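Enquirer: My questions all concern the structure below.
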Amino acid sequence: MDPKALLKAFAPIAGEAERRAWIVDTLRALGFSPRVDQVGNVIVGEGDLLLAAHYDTVLPPQPLREAEGRLYSPGVGDNSAGVAVLMALAPELRHATLGFTVGEEGLGNLKGARALVAALSPRMMIAVDGYLGTVIAEAVGSVRLAAHFRGPGGHAWGDRGRASTAHAVGVALAALYALPLGENESLNAGRIWGGSAVNAIPAEAGFTLDLRATEASALDRLVERVRATLLEAASQVGVRLEIERLGRRPAGKTATEAMVAAAVESLRSLSVPVSIKAASTDAAAAVEAGIPALAFGVYVGGGAHTEEEWVELDSLDVGLRALANFISRLR
């Protein structure tokens with residue numbers, strides 16, 4: 001099948017149920033009998049090699065815009081392109097299990113991939129996700145937190161000087177972004193909220209945090225430093241603090257040397273430059289279970305997680321050939 005045509009059909013579909021229905025219908029048209037599990041994964045096949053592509057996106061899809069060989073839309077690359085390439089290759093992969101997963105983005109906490117791994121116990125897992133030439137051989141761990149600051153609130157003039165949760169948010173974020181981080185650590189405040197009116201002292205304000213590290217022990221230490229910083233900010237301003245853990249993704253590596261070598265050779269055979277990196281993908285669910293796993297990128301693109309995300313259409317054909325070559329080397 002033509003991955004470019006599949007991408008053009010799939011990428012603009014909005015809504016998880018609608019995307020799932022398209023995947024089911026397309027697989028049926030290819031002669032498969034897809035099944036949908038309790039979390040919303042679409043699954044075909046029964047082989048011990050699991051190939052997975054997540055069909056959820058960070059931003060809602062929008063109508064496609066095509067210009068100069070590129071396709072533009074939020075989520076068109078990550079991971080609609082992965083879905084399109086895996087779907088196009090599906091007729092040649094009847095010896096494997098294919099999973100089109102949910103819960104990879106946002107606060108999904110890998111629920112789709114974790115459910116697949118738990119139910120299937122595959123021998124090996126390949127996540128079809130990322131830019132062409134990229135081999136994700138190591139899982140970056142993450143902890144997602146929500147910091148909720150709560151105070152008395154009040155009138156902007158009549159209660160001036162009263163402790164403000166907005167002040168606490170500012171103090172906390174300034175201190176958090178001043179924390180020294182290692183080369184393999186990151187911290188991001190992804191969403192900020194609070195307040196009710198321009199002339200009211202906010203009684204509640206807060207933000208979400210994404211903390212990442214390539215080693216579990218380093219991630220644990222980062223979490224403790226962040227917690228201490230948040231508590232200090234709340235104490236300094238004089239408001240209450242509640243810290244909620246929203247999710248955790250594992251760190252580690254289970255990809256064998258043979259798997260990585262096969263991935264590299266498949267790309268080099270097509271003259272594609274190779275980059276071996278660490279990142280957080282569905283493959284982390286298999287890493288968590290001790291199953292050999294990596295992620296394999298299949299498209300040229302950019303602007304992931306933004307309104308201007310794009311994919312170079314002709315790269316999908318190369319990505320499909322590279323993925324097929326890689327899988328053939330794993331048998």
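Identifiers in the structure tokens: chain A, B, ... in order shown; residue index from 1 per chain; ligand index from 1 in order shown.
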Using only C-alpha atoms, determine which residues lie at most 12 Å from Ser196 in chain A, disregarding the query and same-chain residues fewer than 3 positions distant; provide the list as a ChimeraX atom specification.
Expert: /A:153-156,165-166,193,199-205
Enquirer: If we count only C-alpha atoms, what is near Ala90 in chain A at a cut-off of 10 Å, once residues fewer than 5 positions away on the same chain are taken out, given as a list in words?
Expert: Met1, Leu27, Leu30, Phe32, Val44, Gly45, Leu51, Ala84, Val85, His95, Ala96, Thr97 and Leu98 of chain A
Enquirer: Skipping near chain neighbours, those fewer than 5 positions away, what residues fall within 6 Å of range 314-325 of chain A using only C-alpha atoms, listed as a list in words?
Expert: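 So, after excluding close chain neighbours, the residues are Val85, Ser266, Leu267, Val298, Tyr299 and Val300 of chain A.
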Enquirer: Nearest to Glu307 in chain A: which of A:Ala29, A:Asp48, A:Arg65, A:Trp22 is it, counting only C-alpha atoms?
Expert: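 Under the stated criterion, the closest residue is A:Arg65.
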Enquirer: What residues in range 31-245 of chain A get the DSSP label helix (DSSP H, G or I)? Please answer as number ranges by chain.
Expert: A: 80-92, 111-120, 165-177, 216-237
Enquirer: Export C-alpha atoms of the chosen residues as a PDB file, in the first residue's frame?
Expert:
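Once written, part-v2.pdb looks like this:
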```pdb
ATOM      1  CA  SER A  80       0.358   9.645  12.142  1.00  0.00           C
ATOM      2  CA  ALA A  81       3.320   8.964   9.851  1.00  0.00           C
ATOM      3  CA  GLY A  82       4.299   5.962  11.968  1.00  0.00           C
ATOM      4  CA  VAL A  83       0.743   4.619  11.745  1.00  0.00           C
ATOM      5  CA  ALA A  84       0.682   5.095   7.963  1.00  0.00           C
ATOM      6  CA  VAL A  85       4.001   3.325   7.398  1.00  0.00           C
ATOM      7  CA  LEU A  86       3.145   0.393   9.669  1.00  0.00           C
ATOM      8  CA  MET A  87      -0.278   0.102   8.042  1.00  0.00           C
ATOM      9  CA  ALA A  88       1.256   0.136   4.555  1.00  0.00           C
ATOM     10  CA  LEU A  89       3.648  -2.643   5.541  1.00  0.00           C
ATOM     11  CA  ALA A  90       1.000  -4.701   7.374  1.00  0.00           C
ATOM     12  CA  PRO A  91       0.309  -7.182   4.531  1.00  0.00           C
ATOM     13  CA  GLU A  92       3.959  -8.255   4.688  1.00  0.00           C
ATOM     14  CA  LYS A 111      -1.298   2.794  29.065  1.00  0.00           C
ATOM     15  CA  GLY A 112      -1.688   1.297  25.594  1.00  0.00           C
ATOM     16  CA  ALA A 113       1.829  -0.092  25.263  1.00  0.00           C
ATOM     17  CA  ARG A 114       1.838  -1.316  28.850  1.00  0.00           C
ATOM     18  CA  ALA A 115      -1.444  -3.158  28.283  1.00  0.00           C
ATOM     19  CA  LEU A 116      -0.081  -4.764  25.104  1.00  0.00           C
ATOM     20  CA  VAL A 117       3.126  -5.904  26.732  1.00  0.00           C
ATOM     21  CA  ALA A 118       1.276  -7.300  29.748  1.00  0.00           C
ATOM     22  CA  ALA A 119      -1.232  -9.189  27.596  1.00  0.00           C
ATOM     23  CA  LEU A 120       1.139 -10.501  24.917  1.00  0.00           C
ATOM     24  CA  THR A 165      -0.799  31.585  45.091  1.00  0.00           C
ATOM     25  CA  ALA A 166       0.265  33.395  41.917  1.00  0.00           C
ATOM     26  CA  HIS A 167       3.268  34.723  43.825  1.00  0.00           C
ATOM     27  CA  ALA A 168       4.058  31.166  44.957  1.00  0.00           C
ATOM     28  CA  VAL A 169       3.899  29.911  41.369  1.00  0.00           C
ATOM     29  CA  GLY A 170       6.353  32.614  40.297  1.00  0.00           C
ATOM     30  CA  VAL A 171       8.753  31.915  43.144  1.00  0.00           C
ATOM     31  CA  ALA A 172       8.572  28.164  42.545  1.00  0.00           C
ATOM     32  CA  LEU A 173       9.115  28.341  38.788  1.00  0.00           C
ATOM     33  CA  ALA A 174      12.042  30.748  39.136  1.00  0.00           C
ATOM     34  CA  ALA A 175      13.680  28.396  41.647  1.00  0.00           C
ATOM     35  CA  LEU A 176      12.947  25.279  39.601  1.00  0.00           C
ATOM     36  CA  TYR A 177      14.442  26.702  36.414  1.00  0.00           C
ATOM     37  CA  ALA A 216      16.129   5.850  37.262  1.00  0.00           C
ATOM     38  CA  SER A 217      18.309   6.842  40.228  1.00  0.00           C
ATOM     39  CA  ALA A 218      18.991  10.281  38.719  1.00  0.00           C
ATOM     40  CA  LEU A 219      15.273  10.723  38.072  1.00  0.00           C
ATOM     41  CA  ASP A 220      14.466   9.870  41.695  1.00  0.00           C
ATOM     42  CA  ARG A 221      16.994  12.425  42.915  1.00  0.00           C
ATOM     43  CA  LEU A 222      15.583  15.070  40.582  1.00  0.00           C
ATOM     44  CA  VAL A 223      12.073  14.429  41.872  1.00  0.00           C
ATOM     45  CA  GLU A 224      13.217  14.900  45.471  1.00  0.00           C
ATOM     46  CA  ARG A 225      15.014  18.164  44.600  1.00  0.00           C
ATOM     47  CA  VAL A 226      11.884  19.419  42.871  1.00  0.00           C
ATOM     48  CA  ARG A 227       9.663  18.493  45.808  1.00  0.00           C
ATOM     49  CA  ALA A 228      11.955  20.328  48.226  1.00  0.00           C
ATOM     50  CA  THR A 229      11.977  23.396  45.963  1.00  0.00           C
ATOM     51  CA  LEU A 230       8.191  23.453  45.742  1.00  0.00           C
ATOM     52  CA  LEU A 231       7.803  23.122  49.501  1.00  0.00           C
ATOM     53  CA  GLU A 232      10.272  25.944  50.084  1.00  0.00           C
ATOM     54  CA  ALA A 233       8.359  28.226  47.699  1.00  0.00           C
ATOM     55  CA  ALA A 234       5.054  27.524  49.437  1.00  0.00           C
ATOM     56  CA  SER A 235       6.597  28.154  52.844  1.00  0.00           C
ATOM     57  CA  GLN A 236       8.300  31.366  51.713  1.00  0.00           C
ATOM     58  CA  VAL A 237       5.062  32.854  50.385  1.00  0.00           C
TER      59      VAL A 237
END
```
Enquirer: Considering only C-alpha atoms, can you say which of A:Gly194, A:Gly290, A:Pro273, A:Gly151 comes closest to Gly238 in chain A?
Expert: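 The answer is A:Gly151, which sits nearest to Gly238 in chain A.
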Enquirer: Please return as an mmCIF file with N, CA and C atoms, in the first residue's frame: the residues of range 135-172 of chain A that backbone DSSP assigns to strand (DSSP E or B).
Expert:
```
data_model
loop_
_atom_site.group_PDB
_atom_site.id
_atom_site.type_symbol
_atom_site.label_atom_id
_atom_site.label_comp_id
_atom_site.auth_asym_id
_atom_site.auth_seq_id
_atom_site.Cartn_x
_atom_site.Cartn_y
_atom_site.Cartn_z
ATOM 1 N N VAL A 135 17.364 5.823 15.747
ATOM 2 C CA VAL A 135 17.156 4.567 16.457
ATOM 3 C C VAL A 135 17.171 4.883 17.951
ATOM 4 N N ILE A 136 16.029 4.685 18.601
ATOM 5 C CA ILE A 136 15.925 4.961 20.032
ATOM 6 C C ILE A 136 16.243 3.664 20.767
ATOM 7 N N ALA A 137 17.485 3.562 21.240
ATOM 8 C CA ALA A 137 17.949 2.328 21.874
ATOM 9 C C ALA A 137 17.899 2.396 23.392
ATOM 10 N N GLU A 138 17.511 3.540 23.936
ATOM 11 C CA GLU A 138 17.463 3.704 25.390
ATOM 12 C C GLU A 138 16.228 4.510 25.762
ATOM 13 N N ALA A 139 15.533 4.084 26.801
ATOM 14 C CA ALA A 139 14.321 4.765 27.247
ATOM 15 C C ALA A 139 14.665 5.855 28.251
ATOM 16 N N GLY A 141 13.467 8.015 31.213
ATOM 17 C CA GLY A 141 12.419 7.951 32.220
ATOM 18 C C GLY A 141 11.823 9.319 32.491
ATOM 19 N N SER A 142 10.589 9.352 32.936
ATOM 20 C CA SER A 142 9.953 10.632 33.265
ATOM 21 C C SER A 142 9.004 10.468 34.441
ATOM 22 N N VAL A 143 8.853 11.549 35.180
ATOM 23 C CA VAL A 143 7.839 11.652 36.225
ATOM 24 C C VAL A 143 7.061 12.925 35.951
ATOM 25 N N ARG A 144 5.738 12.812 35.930
ATOM 26 C CA ARG A 144 4.878 13.976 35.719
ATOM 27 C C ARG A 144 4.209 14.332 37.047
ATOM 28 N N LEU A 145 4.317 15.588 37.438
ATOM 29 C CA LEU A 145 3.756 16.070 38.688
ATOM 30 C C LEU A 145 2.832 17.259 38.429
ATOM 31 N N ALA A 146 1.886 17.475 39.344
ATOM 32 C CA ALA A 146 1.085 18.695 39.367
ATOM 33 C C ALA A 146 1.271 19.346 40.725
ATOM 34 N N ALA A 147 1.653 20.618 40.725
ATOM 35 C CA ALA A 147 1.809 21.382 41.966
ATOM 36 C C ALA A 147 0.595 22.277 42.130
ATOM 37 N N HIS A 148 -0.158 22.079 43.218
ATOM 38 C CA HIS A 148 -1.363 22.864 43.493
ATOM 39 C C HIS A 148 -1.083 23.762 44.711
ATOM 40 N N PHE A 149 -1.037 25.069 44.506
ATOM 41 C CA PHE A 149 -0.872 26.014 45.605
ATOM 42 C C PHE A 149 -2.245 26.549 45.989
ATOM 43 N N ARG A 150 -2.537 26.579 47.294
ATOM 44 C CA ARG A 150 -3.851 27.022 47.776
ATOM 45 C C ARG A 150 -3.658 28.057 48.889
ATOM 46 N N GLY A 154 -8.715 36.714 47.994
ATOM 47 C CA GLY A 154 -9.096 38.013 48.536
ATOM 48 C C GLY A 154 -9.220 39.087 47.475
ATOM 49 N N HIS A 155 -9.485 40.304 47.929
ATOM 50 C CA HIS A 155 -9.658 41.461 47.048
ATOM 51 C C HIS A 155 -8.285 42.056 46.735
#
```
Enquirer: Between CA of Gly130 in chain A and CA of Glu104 in chain A, what is the distance in Å, rounded to a tenth?
Expert: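 Straight-line distance from CA of Gly130 in chain A to CA of Glu104 in chain A works out to 12.7 Å.
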Enquirer: Just give me the gap between CA of Ala261 in chain A and CA of Val274 in chain A in Å, one decimal is fine.
Expert: 11.0 Å
Enquirer: Could you check the closest approach to Leu107 in chain A for each of A:Leu246, A:Leu93, A:Leu330, A:Leu187 and tell me which residue wins, using only C-alpha atoms?
Expert: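 Checking each candidate against Leu107 in chain A, we get A:Leu246 as the closest.
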Enquirer: What gap, in Å, lies between CA of Asp56 in chain A and CA of Ser328 in chain A?
Expert: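 Separating CA of Asp56 in chain A from CA of Ser328 in chain A is a distance of 27.5 Å.
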